[in-house]
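*Asks:* Take this structure first; my questions come after.
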Amino acid sequence: MSVVLWICGTILSIAAFLTIIRLIKGPSILERVIATDVLLLIVSAALCIDMTVNKHTNNLVFVVLACLVGFIGSVTVSRFVTDRRNA
Amino acid sequence: MLDTIIDVIASIFMILGCLMSLAAGIGMLRFPDLLSRMHAATKPQVLGLFLLLAALGLELRSWVIVPVLALAWIVQLLTAPVSAHMVGRAGYRTRHLKRETLLTDELATVVAAAAARERKENGEDTESNRADFID
Amino acid sequence: MSPVERLSDAKNESGQRQRATLRQELPLLLWMVLVWGALWQDFSPGNLVFGLILSLIVVNVFQLPPVILSGRFNIFRAVTFLGRFLWDVVLASFEVMYLAIFRGPKTKSAVIAVCLRTESDLIMTGVGHVLTLVPGSYVVEVDRRSSTLYLHVLNVNAPEDAEQARQDVMDIEARLIRMMGSKEELEALNAEPKHTKSKTKKISEEGKP
C-alpha cells in the first residue's frame, strides 16, 4: 500500500502543480475560477486516498462538501464576471 | 487471498483516479481557450472521483458507508455540469474565447440575427424581445 | 404544464410561483430523507423520521416551483440508460485525457445548436446534464422557448463531426424520453423513422463572422 501511496502522491502533486501554473497565468478570472475548482477536487482526491490507505472515514463529509463549495464558488463568480480583460 | 485481490483492485482504481486528476491538470494547461479548458476541468474528475470512492468502498468493506459514497458522487454529477454551464456561458458572453479554435459557431449567427432584428425594430419592444431571447 | 403556461409562470414577476402539491414534492422529500440518512450513516427509523420532519420544514420554508414529472417511469430503460451512461463517462474521461496529452493547443472545437423534440424542462435539463458528462460537449446557452441547446463540442475537425455530435445528443434525448418522457413524446418518438437525420436545426452559414 505504501508504494501505491507514493505513486498517487506524486501524480497528484504534479497535477496540483500544473493547475497552480494555470492559476497564476490566468489570463482571466474565469480561468482562475475553474483552476481553483480543479485544485479543490485534487485536494478531495488526496483526502480519499488518505482515507483508503489509513482505513478511516473522517474526511468523507468534506469530500461531499468540497463539490458543493466549488460549485457555489464558480457559479457566484461567473454570475458577476464582466467583459473586462485581465479582470 | 481475497484480501490481496481486493487490495490490488483498489490500488489500480486509486492510481487511475489520480491519473484522471493529472489529465485535468494537463488539460487545464494545454487546451487553447477557456471553453475547451472547461471540458478538462469537468469530465475526467467525475470518473476520477468515482474510482477513488470505489477504492475507498473496497478497502473499508462496510455497507454503511456505501450511501455516503454514492451521495458524494451524485452530488458531483449534479453540480459539475451546472458549474460548467455557468462558467461557459459567462465566458461566451464576455467573449473569453478564441474564434480561430472554433470550427463553426451557430450561436453567433443567432445572436447576430437577434441583434439585427433589434436594430430594425428599434422601438419600445426591443428591450423585452432581447430579454426573452437571452434569459 | 403547457409551454404557454410555463412561459407565463417564468415571466411572472410578482414573486408568486405556482405552489407545488404534496404529491409533486414526494420525490424531492424522499431524496432529502435519503441524503439525511446517508450523511448520518444511520438508516434507523427514528433518524429517518427526524429527517422527514426537517425536509418538510425545508420544503415549506424555501419554496421552489414544482418539477413536473410525466408520471411514466420505465425501470428497465433506466437500468440500460445508467449502464450506457457509466460507460460513456469512462469513454469521455479517456478521450479528454488523450486530447489533452497528444493534441493540446491544436484542438479544434465548435458551438452548435441542437433543437430538441421535447418541451419538458425536466428532460431538457436531463439532456444538458448527461451530455456534459459524456464525450465531447457541454451546454453554453439554452433557449427554453424553442427547446434549443447551444453546445460547445470539443474535437470537431470537420462538419461531419458536428453532425455526429448533434445525432448523439438526439440519441441521449431519445433514451431519456423512453425512460421518463410523457406518453405523447414517446409516441412521437416511436413514430419517427429510424436512422434519419431527425429534427435537427440547420442554420445557414451566412452571417458568420
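In the C-alpha cells, each chain is lettered A, B, ... as it comes, each chain's residues begin at 1, and ligands are numbered from 1 in order of appearance.
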Taking only C-alpha atoms into account, which residues of chain B are within 7 Å of chain A, as a PDB file with C-alpha atoms, in the first residue's frame?

*Replies:*
ATOM      1  CA  SER B  11      -4.717   0.149  -5.849  1.00  0.00           C
ATOM      2  CA  ILE B  15      -3.780   5.129  -9.460  1.00  0.00           C
ATOM      3  CA  CYS B  18      -5.096  10.066  -9.704  1.00  0.00           C
ATOM      4  CA  LEU B  19      -4.256   9.871 -13.403  1.00  0.00           C
ATOM      5  CA  SER B  21      -6.726  14.383 -11.876  1.00  0.00           C
ATOM      6  CA  LEU B  22      -3.442  14.603 -13.757  1.00  0.00           C
ATOM      7  CA  GLY B  25      -4.211  19.370 -14.819  1.00  0.00           C
ATOM      8  CA  ILE B  26      -2.604  18.754 -18.211  1.00  0.00           C
ATOM      9  CA  MET B  28      -6.008  22.979 -17.975  1.00  0.00           C
ATOM     10  CA  LEU B  29      -2.546  23.867 -19.160  1.00  0.00           C
ATOM     11  CA  LEU B  34     -11.446  28.824 -21.767  1.00  0.00           C
ATOM     12  CA  ALA B  41     -11.992  20.611 -15.669  1.00  0.00           C
ATOM     13  CA  LEU B  49     -13.740  10.681  -8.038  1.00  0.00           C
ATOM     14  CA  LEU B  52     -11.321   6.856  -5.722  1.00  0.00           C
ATOM     15  CA  LEU B  53     -14.642   6.403  -3.903  1.00  0.00           C
ATOM     16  CA  ALA B  55     -11.406   2.130  -3.960  1.00  0.00           C
ATOM     17  CA  LEU B  56     -12.408   3.520  -0.557  1.00  0.00           C
ATOM     18  CA  GLU B  59     -10.925  -1.130   1.298  1.00  0.00           C
ATOM     19  CA  LEU B  60     -13.378  -0.394   4.088  1.00  0.00           C
ATOM     20  CA  ALA B  72     -20.660  12.178  -2.808  1.00  0.00           C
ATOM     21  CA  VAL B  75     -23.547  15.476  -5.733  1.00  0.00           C
ATOM     22  CA  GLN B  76     -20.622  15.812  -8.104  1.00  0.00           C
ATOM     23  CA  THR B  79     -23.007  20.104  -9.671  1.00  0.00           C
ATOM     24  CA  SER B  83     -20.904  24.981 -12.929  1.00  0.00           C
ATOM     25  CA  MET B  86     -22.445  28.785 -15.811  1.00  0.00           C
ATOM     26  CA  VAL B  87     -18.744  29.376 -16.401  1.00  0.00           C
ATOM     27  CA  ALA B  90     -20.247  33.701 -18.730  1.00  0.00           C
ATOM     28  CA  THR B  94     -17.841  38.117 -22.049  1.00  0.00           C
TER      29      THR B  94
END

*Asks:* Could you list the residues in chain C lying within 7 Å of chain B, using only C-alpha atoms, and format the result as a PyMOL selection string?

*Replies:* chain C and resi 38-39+41+89-90+92-93+96-97+100-101+104-105+107-113+129+132-133+138-141+143+150+154+156+203+207-208

*Asks:* Just the number, please: distance in Å from atom CA of Asn47 of chain C to atom CA of Val35 of chain C, one decimal.

*Replies:*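 Atom-to-atom, atom CA of Asn47 of chain C and atom CA of Val35 of chain C are spaced 11.5 Å apart.
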
*Asks:* For Asn157 of chain C, which residue among C:Val79, C:Leu189, C:Lys106, C:Leu56 is the nearest when counting only C-alpha atoms?

*Replies:*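 Looking at the shortest contact to Asn157 of chain C, the residue is C:Lys106.
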
*Asks:* Between atom CA of Arg95 of chain B and atom CA of Phe94 of chain C, measure the distance and give it in Å to one decimal.

*Replies:*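 Computing the Euclidean distance for atom CA of Arg95 of chain B and atom CA of Phe94 of chain C yields 28.8 Å.
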
*Asks:* Find the spatial neighbours of Leu91 of chain C, counting only C-alpha atoms, within a cut-off of 8 Å - ignore same-chain residues fewer than 3 positions away - and output them as a ChimeraX atom specification.

*Replies:* /C:87-88,94-95,134-135

*Asks:* In Å to one decimal, how far is atom CA of Ile172 of chain C from atom CA of Ala158 of chain C?

*Replies:* 21.9 Å

*Asks:* If you run DSSP on this backbone, which residues of chain B come out as strand (DSSP E), and could you give them as an NGL selection string?

*Replies:* :B and (102-105)

*Asks:* Write the selection just made, keeping all heavy atoms, as a JSON list (two decimals), in the first residue's frame?

*Replies:*
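Once written, result.json looks like this:
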[["chain", "number", "residue", "atom", "x", "y", "z"],
["B", 102, "LEU", "N", -12.57, 27.76, -33.05],
["B", 102, "LEU", "CA", -13.92, 27.27, -33.29],
["B", 102, "LEU", "C", -14.11, 26.98, -34.77],
["B", 102, "LEU", "O", -13.83, 27.84, -35.61],
["B", 102, "LEU", "CB", -14.96, 28.29, -32.84],
["B", 102, "LEU", "CG", -15.12, 28.50, -31.34],
["B", 102, "LEU", "CD1", -16.16, 29.56, -31.08],
["B", 102, "LEU", "CD2", -15.50, 27.22, -30.66],
["B", 103, "LEU", "N", -14.57, 25.79, -35.08],
["B", 103, "LEU", "CA", -14.82, 25.44, -36.47],
["B", 103, "LEU", "C", -16.08, 26.14, -36.97],
["B", 103, "LEU", "O", -16.08, 26.80, -38.01],
["B", 103, "LEU", "CB", -14.96, 23.92, -36.60],
["B", 103, "LEU", "CG", -14.96, 23.39, -38.02],
["B", 103, "LEU", "CD1", -13.54, 23.32, -38.55],
["B", 103, "LEU", "CD2", -15.61, 22.02, -38.07],
["B", 104, "THR", "N", -17.18, 25.99, -36.22],
["B", 104, "THR", "CA", -18.40, 26.73, -36.54],
["B", 104, "THR", "C", -18.92, 27.32, -35.24],
["B", 104, "THR", "O", -18.63, 26.83, -34.17],
["B", 104, "THR", "CB", -19.51, 25.82, -37.10],
["B", 104, "THR", "OG1", -19.74, 24.78, -36.16],
["B", 104, "THR", "CG2", -19.16, 25.28, -38.45],
["B", 105, "ASP", "N", -19.70, 28.37, -35.36],
["B", 105, "ASP", "CA", -20.31, 28.96, -34.19],
["B", 105, "ASP", "C", -21.74, 29.33, -34.53],
["B", 105, "ASP", "O", -22.01, 30.39, -35.07],
["B", 105, "ASP", "CB", -19.51, 30.18, -33.74],
["B", 105, "ASP", "CG", -20.02, 30.70, -32.40],
["B", 105, "ASP", "OD1", -21.09, 30.25, -31.97],
["B", 105, "ASP", "OD2", -19.35, 31.56, -31.82]]

*Asks:* Kindly indicate which residue among B:Glu121, B:Leu58, B:Leu97, B:Ala115 lies nearest to Val8 of chain B, using only C-alpha atoms for the distances.

*Replies:*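 Ranking B:Glu121, B:Leu58, B:Leu97, B:Ala115 by distance to Val8 of chain B, first place goes to B:Leu58.
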
*Asks:* Would you mind telling me which residue in C:Trp31, C:Leu86, C:Trp40, C:Leu48 lies nearest to chain A when using only C-alpha atoms?

*Replies:*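 Among C:Trp31, C:Leu86, C:Trp40, C:Leu48, it is C:Trp40 that comes nearest to chain A.
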